[in-house]
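To be precise, the following lines are structure-v7.cif, and they hold mmCIF, C-alpha atoms.
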data_model
loop_
_atom_site.group_PDB
_atom_site.id
_atom_site.type_symbol
_atom_site.label_atom_id
_atom_site.label_comp_id
_atom_site.auth_asym_id
_atom_site.auth_seq_id
_atom_site.Cartn_x
_atom_site.Cartn_y
_atom_site.Cartn_z
ATOM 1 C CA MET A 28 139.543 174.681 79.387
ATOM 2 C CA PHE A 29 140.564 177.938 81.028
ATOM 3 C CA ALA A 30 136.959 178.872 81.834
ATOM 4 C CA ALA A 31 136.205 175.391 83.209
ATOM 5 C CA PHE A 32 139.340 175.491 85.348
ATOM 6 C CA ALA A 33 138.449 178.938 86.734
ATOM 7 C CA LYS A 34 134.871 177.833 87.407
ATOM 8 C CA GLY A 35 136.138 174.729 89.199
ATOM 9 C CA PHE A 36 137.260 176.809 92.158
ATOM 10 C CA GLY A 37 133.609 177.673 92.779
ATOM 11 C CA ASP A 38 134.454 181.007 94.354
ATOM 12 C CA GLY A 39 134.010 183.392 91.413
ATOM 13 C CA GLN A 40 137.358 185.004 92.244
ATOM 14 C CA ARG A 41 139.233 183.919 89.121
ATOM 15 C CA GLY A 42 138.412 184.499 85.474
ATOM 16 C CA HIS A 43 139.553 182.452 82.482
ATOM 17 C CA ASP A 44 141.954 185.219 81.469
ATOM 18 C CA GLN A 45 143.576 185.172 84.909
ATOM 19 C CA VAL A 46 144.130 181.398 84.959
ATOM 20 C CA ARG A 47 145.447 181.528 81.378
ATOM 21 C CA ALA A 48 147.954 184.237 82.346
ATOM 22 C CA MET A 49 148.986 182.258 85.432
ATOM 23 C CA ALA A 50 149.577 179.121 83.326
ATOM 24 C CA ILE A 51 151.744 181.017 80.840
ATOM 25 C CA MET A 52 153.703 182.673 83.648
ATOM 26 C CA TRP A 53 154.255 179.296 85.353
ATOM 27 C CA MET A 54 155.512 177.792 82.090
ATOM 28 C CA ARG A 55 157.897 180.715 81.508
ATOM 29 C CA GLU A 56 159.291 180.296 85.028
ATOM 30 C CA HIS A 57 159.634 176.486 84.733
ATOM 31 C CA PRO A 58 160.568 175.863 81.073
ATOM 32 C CA GLN A 59 162.465 172.659 81.861
ATOM 33 C CA ASP A 60 159.157 171.024 82.809
ATOM 34 C CA PHE A 61 157.483 171.867 79.491
ATOM 35 C CA ILE A 62 159.987 172.304 76.633
ATOM 36 C CA PRO A 63 160.409 168.544 76.025
ATOM 37 C CA PHE A 64 156.638 168.253 75.518
ATOM 38 C CA VAL A 65 155.957 171.207 73.224
ATOM 39 C CA PRO A 66 153.666 169.987 70.405
ATOM 40 C CA ASP A 67 155.341 168.881 67.172
ATOM 41 C CA SER A 68 153.761 171.752 65.235
ATOM 42 C CA TYR A 69 156.262 174.054 66.985
ATOM 43 C CA LYS A 70 159.341 171.855 66.546
ATOM 44 C CA GLY A 71 162.044 173.240 64.325
ATOM 45 C CA GLN A 72 160.816 176.806 64.598
ATOM 46 C CA SER A 73 163.261 179.263 66.020
ATOM 47 C CA GLN A 74 162.294 179.991 69.585
ATOM 48 C CA ASP A 75 159.679 177.196 69.413
ATOM 49 C CA PHE A 76 158.799 177.350 73.132
ATOM 50 C CA ASN A 77 158.323 181.123 72.988
ATOM 51 C CA CYS A 78 156.108 180.739 69.890
ATOM 52 C CA TYR A 79 154.043 178.165 71.749
ATOM 53 C CA LEU A 80 153.670 180.440 74.796
ATOM 54 C CA LEU A 81 152.731 183.401 72.627
ATOM 55 C CA ARG A 82 150.006 181.394 70.931
ATOM 56 C CA MET A 83 148.673 179.956 74.199
ATOM 57 C CA SER A 84 148.556 183.438 75.726
ATOM 58 C CA GLN A 85 146.015 184.584 73.129
ATOM 59 C CA LEU A 86 142.399 184.759 74.288
ATOM 60 C CA GLY A 87 140.330 182.277 72.308
ATOM 61 C CA GLU A 88 143.203 179.802 71.859
ATOM 62 C CA TRP A 89 142.221 176.396 73.208
ATOM 63 C CA GLY A 90 144.341 175.069 76.026
ATOM 64 C CA ASP A 91 146.080 171.711 75.904
ATOM 65 C CA ASN A 92 147.500 169.179 78.325
ATOM 66 C CA LEU A 93 150.604 171.308 78.944
ATOM 67 C CA THR A 94 148.578 174.355 79.939
ATOM 68 C CA LEU A 95 146.341 172.197 82.145
ATOM 69 C CA GLN A 96 149.426 170.831 83.893
ATOM 70 C CA ALA A 97 150.780 174.357 84.334
ATOM 71 C CA MET A 98 147.500 175.555 85.871
ATOM 72 C CA CYS A 99 147.491 172.597 88.258
ATOM 73 C CA LYS A 100 151.055 173.360 89.331
ATOM 74 C CA ALA A 101 150.505 177.106 89.665
ATOM 75 C CA TYR A 102 147.329 176.722 91.724
ATOM 76 C CA ARG A 103 148.409 173.527 93.541
ATOM 77 C CA THR A 104 145.293 171.816 92.266
ATOM 78 C CA HIS A 105 144.410 168.200 91.594
ATOM 79 C CA VAL A 106 142.014 167.720 88.684
ATOM 80 C CA HIS A 107 140.103 164.583 87.767
ATOM 81 C CA VAL A 108 139.189 164.545 84.070
ATOM 82 C CA LEU A 109 136.598 162.148 82.689
ATOM 83 C CA LYS A 110 137.023 161.488 78.971
ATOM 84 C CA ARG A 111 136.301 158.924 76.285
ATOM 85 C CA GLY A 112 139.005 156.349 75.716
ATOM 86 C CA GLN A 113 140.099 155.055 72.315
ATOM 87 C CA LYS A 114 137.464 152.311 72.457
ATOM 88 C CA GLY A 115 134.701 154.746 73.408
ATOM 89 C CA ASP A 116 134.767 153.777 77.069
ATOM 90 C CA LEU A 117 134.900 156.403 79.818
ATOM 91 C CA VAL A 118 138.245 156.748 81.571
ATOM 92 C CA TRP A 119 139.553 158.999 84.329
ATOM 93 C CA MET A 120 142.753 160.986 83.953
ATOM 94 C CA GLU A 121 144.316 162.734 86.942
ATOM 95 C CA ILE A 122 146.501 165.803 86.699
ATOM 96 C CA GLY A 123 148.211 167.832 89.379
ATOM 97 C CA ASP A 124 149.242 167.608 92.997
ATOM 98 C CA ARG A 125 147.876 164.465 94.655
ATOM 99 C CA VAL A 126 149.672 164.828 97.967
ATOM 100 C CA LYS A 127 148.560 168.210 99.342
ATOM 101 C CA PRO A 128 146.363 169.961 96.821
ATOM 102 C CA GLN A 129 144.785 173.268 97.776
ATOM 103 C CA SER A 130 141.860 172.489 95.477
ATOM 104 C CA VAL A 131 140.329 169.440 93.846
ATOM 105 C CA PHE A 132 137.727 169.388 91.123
ATOM 106 C CA TRP A 133 136.282 167.277 88.359
ATOM 107 C CA LEU A 134 136.052 168.063 84.646
ATOM 108 C CA TYR A 135 134.630 166.273 81.622
ATOM 109 C CA LEU A 136 136.514 166.417 78.327
ATOM 110 C CA ASP A 137 134.203 166.154 75.318
ATOM 111 C CA LYS A 138 136.488 166.038 72.286
ATOM 112 C CA TYR A 139 138.163 169.453 72.708
ATOM 113 C CA HIS A 140 135.989 171.182 75.297
ATOM 114 C CA TYR A 141 136.195 170.871 79.056
ATOM 115 C CA GLU A 142 133.036 171.117 81.146
ATOM 116 C CA ASN A 143 132.699 171.130 84.915
ATOM 117 C CA LEU A 144 131.224 168.049 86.558
ATOM 118 C CA LEU A 145 131.519 169.426 90.087
ATOM 119 C CA ASP A 146 133.205 172.407 91.619
ATOM 120 C CA ARG A 147 134.526 172.952 95.090
ATOM 121 C CA SER A 148 131.336 174.642 96.325
ATOM 122 C CA GLN A 149 129.305 171.496 95.576
ATOM 123 C CA ILE A 150 131.417 169.210 97.734
ATOM 124 C CA SER A 151 131.576 168.879 101.476
ATOM 125 C CA PHE A 152 134.933 167.785 102.861
ATOM 126 C CA SER A 153 135.034 166.388 106.376
ATOM 127 C CA THR A 154 138.252 166.242 108.347
#
Whole structure, structure tokens version:
Amino acid sequence: MFAAFAKGFGDGQRGHDQVRAMAIMWMREHPQDFIPFVPDSYKGQSQDFNCYLLRMSQLGEWGDNLTLQAMCKAYRTHVHVLKRGQKGDLVWMEIGDRVKPQSVFWLYLDKYHYENLLDRSQISFST
């Protein structure tokens, strides 16, 4: 997810490690937005939110919906995600700032892996 998010900007300026670090930093600075949604596997542990952040900060750890939301907030980005629904149909999920996003891009979620459908460099916006 982190690599797909970084690639979505289409400018080559951000790496997956940078967007991961930004997501973790955003979550640390805005815990009230994330603590209620920490996965159940961390519930009941002492310092459960900190344990979650520590795990998510590790390179190679797969991101989840919380980290995707944090990246969208931190980078003021609106992301369209195409994924399979429960019945096998394709559905769109939108995450992030809809009103005034600085960036918009499209991802495809295949089970656990995110792939880029389009990035910013492939789209022409007219104003």
*Might you spell out which residues the PyMOL selection byres ((chain A and resi 138-142) around 12) would select in the displayed file, as a PyMOL selection string?*
chain A and resi 28-35+88-92+95+106-113+115+132-137+143-146
*Figure out the distance between CA of Leu93 in chain A and CA of Ile51 in chain A, please, to one decimal in Å.*
10.0 Å
Report as a CSV table (one decimal) with C-alpha atoms, in the coordinates of the input all protein, DNA and RNA residues lying within 8 Å of Trp53 in chain A, evaluated on only C-alpha atoms, omitting residues in the same chain fewer than 6 positions from it.
chain,number,residue,atom,x,y,z
A,97,ALA,CA,150.8,174.4,84.3
A,98,MET,CA,147.5,175.6,85.9
A,100,LYS,CA,151.1,173.4,89.3
A,101,ALA,CA,150.5,177.1,89.7
*Quick one: which residues end up in the PyMOL selection byres ((chain A and resi 55-66) around 10) for this structure, as number ranges by chain?*
A: 49-54, 67-70, 75-77, 79-80, 91-94, 96-97
*Result set of the PyMOL selection byres ((chain A and resi 103) around 10) on the coordinates above, as a ChimeraX atom specification*: /A:97-102,104-106,123-131
Write the residues of the preceding selection, restricted to C-alpha atoms, as a short mmCIF file (atom, residue, chain, number, x, y, z; two decimals), keeping the file's coordinate frame.
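That gives us out.cif:
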data_model
loop_
_atom_site.label_atom_id
_atom_site.label_comp_id
_atom_site.auth_asym_id
_atom_site.auth_seq_id
_atom_site.Cartn_x
_atom_site.Cartn_y
_atom_site.Cartn_z
CA ALA A 97 150.78 174.36 84.33
CA MET A 98 147.50 175.56 85.87
CA CYS A 99 147.49 172.60 88.26
CA LYS A 100 151.06 173.36 89.33
CA ALA A 101 150.50 177.11 89.66
CA TYR A 102 147.33 176.72 91.72
CA THR A 104 145.29 171.82 92.27
CA HIS A 105 144.41 168.20 91.59
CA VAL A 106 142.01 167.72 88.68
CA GLY A 123 148.21 167.83 89.38
CA ASP A 124 149.24 167.61 93.00
CA ARG A 125 147.88 164.46 94.66
CA VAL A 126 149.67 164.83 97.97
CA LYS A 127 148.56 168.21 99.34
CA PRO A 128 146.36 169.96 96.82
CA GLN A 129 144.78 173.27 97.78
CA SER A 130 141.86 172.49 95.48
CA VAL A 131 140.33 169.44 93.85
#
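Residues lying within 9 Å of Leu86 in chain A, counting only C-alpha atoms and ignoring same-chain neighbours fewer than 5 positions away, are His43, Asp44 and Arg47 of chain A.
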Quick one: what's the axis-aligned box for range 110-129 of chain A, all listed atoms, 5 Å on every side, centre and edges in Å to one decimal, as lines of an AutoDock Vina configuration file?
center_x = 142.2
center_y = 162.8
center_z = 85.8
size_x = 25.0
size_y = 31.0
size_z = 37.0
*Do you have the CA of Met83 in chain A-CA of Arg41 in chain A distance handy?*
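Rounded to one decimal, the two atoms are 18.1 Å apart.
In this structure, CA of Phe36 in chain A sits 16.6 Å away from CA of Glu121 in chain A.
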N, CA and C atoms are what I want for range 61-97 of chain A; can you complete it accordingly and write them as a PDB file, keeping the file's coordinate frame?
ATOM      1  N   PHE A  61     158.417 171.817  80.611  1.00  0.00           N
ATOM      2  CA  PHE A  61     157.483 171.867  79.491  1.00  0.00           C
ATOM      3  C   PHE A  61     158.132 171.767  78.110  1.00  0.00           C
ATOM      4  N   ILE A  62     159.341 172.285  77.951  1.00  0.00           N
ATOM      5  CA  ILE A  62     159.987 172.304  76.633  1.00  0.00           C
ATOM      6  C   ILE A  62     160.029 170.928  75.970  1.00  0.00           C
ATOM      7  N   PRO A  63     160.363 169.851  76.699  1.00  0.00           N
ATOM      8  CA  PRO A  63     160.409 168.544  76.025  1.00  0.00           C
ATOM      9  C   PRO A  63     159.061 168.079  75.474  1.00  0.00           C
ATOM     10  N   PHE A  64     157.973 168.707  75.900  1.00  0.00           N
ATOM     11  CA  PHE A  64     156.638 168.253  75.518  1.00  0.00           C
ATOM     12  C   PHE A  64     155.891 169.236  74.624  1.00  0.00           C
ATOM     13  N   VAL A  65     156.589 170.242  74.123  1.00  0.00           N
ATOM     14  CA  VAL A  65     155.957 171.207  73.224  1.00  0.00           C
ATOM     15  C   VAL A  65     155.459 170.453  71.995  1.00  0.00           C
ATOM     16  N   PRO A  66     154.221 170.715  71.561  1.00  0.00           N
ATOM     17  CA  PRO A  66     153.666 169.987  70.405  1.00  0.00           C
ATOM     18  C   PRO A  66     154.555 170.053  69.167  1.00  0.00           C
ATOM     19  N   ASP A  67     154.505 168.995  68.369  1.00  0.00           N
ATOM     20  CA  ASP A  67     155.341 168.881  67.172  1.00  0.00           C
ATOM     21  C   ASP A  67     155.162 170.037  66.200  1.00  0.00           C
ATOM     22  N   SER A  68     153.995 170.651  66.179  1.00  0.00           N
ATOM     23  CA  SER A  68     153.761 171.752  65.235  1.00  0.00           C
ATOM     24  C   SER A  68     154.684 172.938  65.498  1.00  0.00           C
ATOM     25  N   TYR A  69     155.331 172.970  66.661  1.00  0.00           N
ATOM     26  CA  TYR A  69     156.262 174.054  66.985  1.00  0.00           C
ATOM     27  C   TYR A  69     157.716 173.628  66.837  1.00  0.00           C
ATOM     28  N   LYS A  70     157.965 172.351  66.643  1.00  0.00           N
ATOM     29  CA  LYS A  70     159.341 171.855  66.546  1.00  0.00           C
ATOM     30  C   LYS A  70     160.026 172.415  65.309  1.00  0.00           C
ATOM     31  N   GLY A  71     161.271 172.749  65.456  1.00  0.00           N
ATOM     32  CA  GLY A  71     162.044 173.240  64.325  1.00  0.00           C
ATOM     33  C   GLY A  71     161.904 174.730  64.087  1.00  0.00           C
ATOM     34  N   GLN A  72     160.933 175.356  64.725  1.00  0.00           N
ATOM     35  CA  GLN A  72     160.816 176.806  64.598  1.00  0.00           C
ATOM     36  C   GLN A  72     161.842 177.445  65.523  1.00  0.00           C
ATOM     37  N   SER A  73     162.354 178.574  65.111  1.00  0.00           N
ATOM     38  CA  SER A  73     163.261 179.263  66.020  1.00  0.00           C
ATOM     39  C   SER A  73     162.433 179.737  67.204  1.00  0.00           C
ATOM     40  N   GLN A  74     162.991 179.590  68.370  1.00  0.00           N
ATOM     41  CA  GLN A  74     162.294 179.991  69.585  1.00  0.00           C
ATOM     42  C   GLN A  74     160.956 179.253  69.726  1.00  0.00           C
ATOM     43  N   ASP A  75     160.934 177.939  69.436  1.00  0.00           N
ATOM     44  CA  ASP A  75     159.679 177.196  69.413  1.00  0.00           C
ATOM     45  C   ASP A  75     158.881 177.282  70.711  1.00  0.00           C
ATOM     46  N   PHE A  76     159.522 177.263  71.863  1.00  0.00           N
ATOM     47  CA  PHE A  76     158.799 177.350  73.132  1.00  0.00           C
ATOM     48  C   PHE A  76     158.154 178.726  73.282  1.00  0.00           C
ATOM     49  N   ASN A  77     158.885 179.772  72.912  1.00  0.00           N
ATOM     50  CA  ASN A  77     158.323 181.123  72.988  1.00  0.00           C
ATOM     51  C   ASN A  77     157.150 181.294  72.028  1.00  0.00           C
ATOM     52  N   CYS A  78     157.230 180.697  70.845  1.00  0.00           N
ATOM     53  CA  CYS A  78     156.108 180.739  69.890  1.00  0.00           C
ATOM     54  C   CYS A  78     154.889 180.039  70.481  1.00  0.00           C
ATOM     55  N   TYR A  79     155.125 178.907  71.103  1.00  0.00           N
ATOM     56  CA  TYR A  79     154.043 178.165  71.749  1.00  0.00           C
ATOM     57  C   TYR A  79     153.386 179.012  72.845  1.00  0.00           C
ATOM     58  N   LEU A  80     154.210 179.618  73.707  1.00  0.00           N
ATOM     59  CA  LEU A  80     153.670 180.440  74.796  1.00  0.00           C
ATOM     60  C   LEU A  80     152.904 181.643  74.267  1.00  0.00           C
ATOM     61  N   LEU A  81     153.421 182.257  73.214  1.00  0.00           N
ATOM     62  CA  LEU A  81     152.731 183.401  72.627  1.00  0.00           C
ATOM     63  C   LEU A  81     151.350 182.990  72.121  1.00  0.00           C
ATOM     64  N   ARG A  82     151.298 181.864  71.453  1.00  0.00           N
ATOM     65  CA  ARG A  82     150.006 181.394  70.931  1.00  0.00           C
ATOM     66  C   ARG A  82     149.048 181.051  72.069  1.00  0.00           C
ATOM     67  N   MET A  83     149.529 180.342  73.075  1.00  0.00           N
ATOM     68  CA  MET A  83     148.673 179.956  74.199  1.00  0.00           C
ATOM     69  C   MET A  83     148.210 181.162  75.011  1.00  0.00           C
ATOM     70  N   SER A  84     148.938 182.246  74.958  1.00  0.00           N
ATOM     71  CA  SER A  84     148.556 183.438  75.726  1.00  0.00           C
ATOM     72  C   SER A  84     147.411 184.211  75.081  1.00  0.00           C
ATOM     73  N   GLN A  85     147.073 183.869  73.850  1.00  0.00           N
ATOM     74  CA  GLN A  85     146.015 184.584  73.129  1.00  0.00           C
ATOM     75  C   GLN A  85     144.631 184.125  73.587  1.00  0.00           C
ATOM     76  N   LEU A  86     143.775 185.092  73.931  1.00  0.00           N
ATOM     77  CA  LEU A  86     142.399 184.759  74.288  1.00  0.00           C
ATOM     78  C   LEU A  86     141.736 184.070  73.101  1.00  0.00           C
ATOM     79  N   GLY A  87     140.991 183.032  73.363  1.00  0.00           N
ATOM     80  CA  GLY A  87     140.330 182.277  72.308  1.00  0.00           C
ATOM     81  C   GLY A  87     141.109 181.050  71.865  1.00  0.00           C
ATOM     82  N   GLU A  88     142.394 180.982  72.196  1.00  0.00           N
ATOM     83  CA  GLU A  88     143.203 179.802  71.859  1.00  0.00           C
ATOM     84  C   GLU A  88     142.862 178.690  72.845  1.00  0.00           C
ATOM     85  N   TRP A  89     142.561 177.512  72.335  1.00  0.00           N
ATOM     86  CA  TRP A  89     142.221 176.396  73.208  1.00  0.00           C
ATOM     87  C   TRP A  89     143.449 175.927  73.964  1.00  0.00           C
ATOM     88  N   GLY A  90     143.263 175.610  75.221  1.00  0.00           N
ATOM     89  CA  GLY A  90     144.341 175.069  76.026  1.00  0.00           C
ATOM     90  C   GLY A  90     144.601 173.614  75.676  1.00  0.00           C
ATOM     91  N   ASP A  91     145.714 173.103  76.146  1.00  0.00           N
ATOM     92  CA  ASP A  91     146.080 171.711  75.904  1.00  0.00           C
ATOM     93  C   ASP A  91     146.549 171.091  77.209  1.00  0.00           C
ATOM     94  N   ASN A  92     147.062 169.881  77.127  1.00  0.00           N
ATOM     95  CA  ASN A  92     147.500 169.179  78.325  1.00  0.00           C
ATOM     96  C   ASN A  92     148.624 169.923  79.049  1.00  0.00           C
ATOM     97  N   LEU A  93     149.518 170.558  78.303  1.00  0.00           N
ATOM     98  CA  LEU A  93     150.604 171.308  78.944  1.00  0.00           C
ATOM     99  C   LEU A  93     150.070 172.480  79.753  1.00  0.00           C
ATOM    100  N   THR A  94     149.119 173.217  79.196  1.00  0.00           N
ATOM    101  CA  THR A  94     148.578 174.355  79.939  1.00  0.00           C
ATOM    102  C   THR A  94     147.757 173.877  81.135  1.00  0.00           C
ATOM    103  N   LEU A  95     147.072 172.741  81.007  1.00  0.00           N
ATOM    104  CA  LEU A  95     146.341 172.197  82.145  1.00  0.00           C
ATOM    105  C   LEU A  95     147.311 171.805  83.259  1.00  0.00           C
ATOM    106  N   GLN A  96     148.421 171.185  82.891  1.00  0.00           N
ATOM    107  CA  GLN A  96     149.426 170.831  83.893  1.00  0.00           C
ATOM    108  C   GLN A  96     149.999 172.075  84.560  1.00  0.00           C
ATOM    109  N   ALA A  97     150.244 173.111  83.776  1.00  0.00           N
ATOM    110  CA  ALA A  97     150.780 174.357  84.334  1.00  0.00           C
ATOM    111  C   ALA A  97     149.787 174.992  85.306  1.00  0.00           C
TER     112      ALA A  97
END
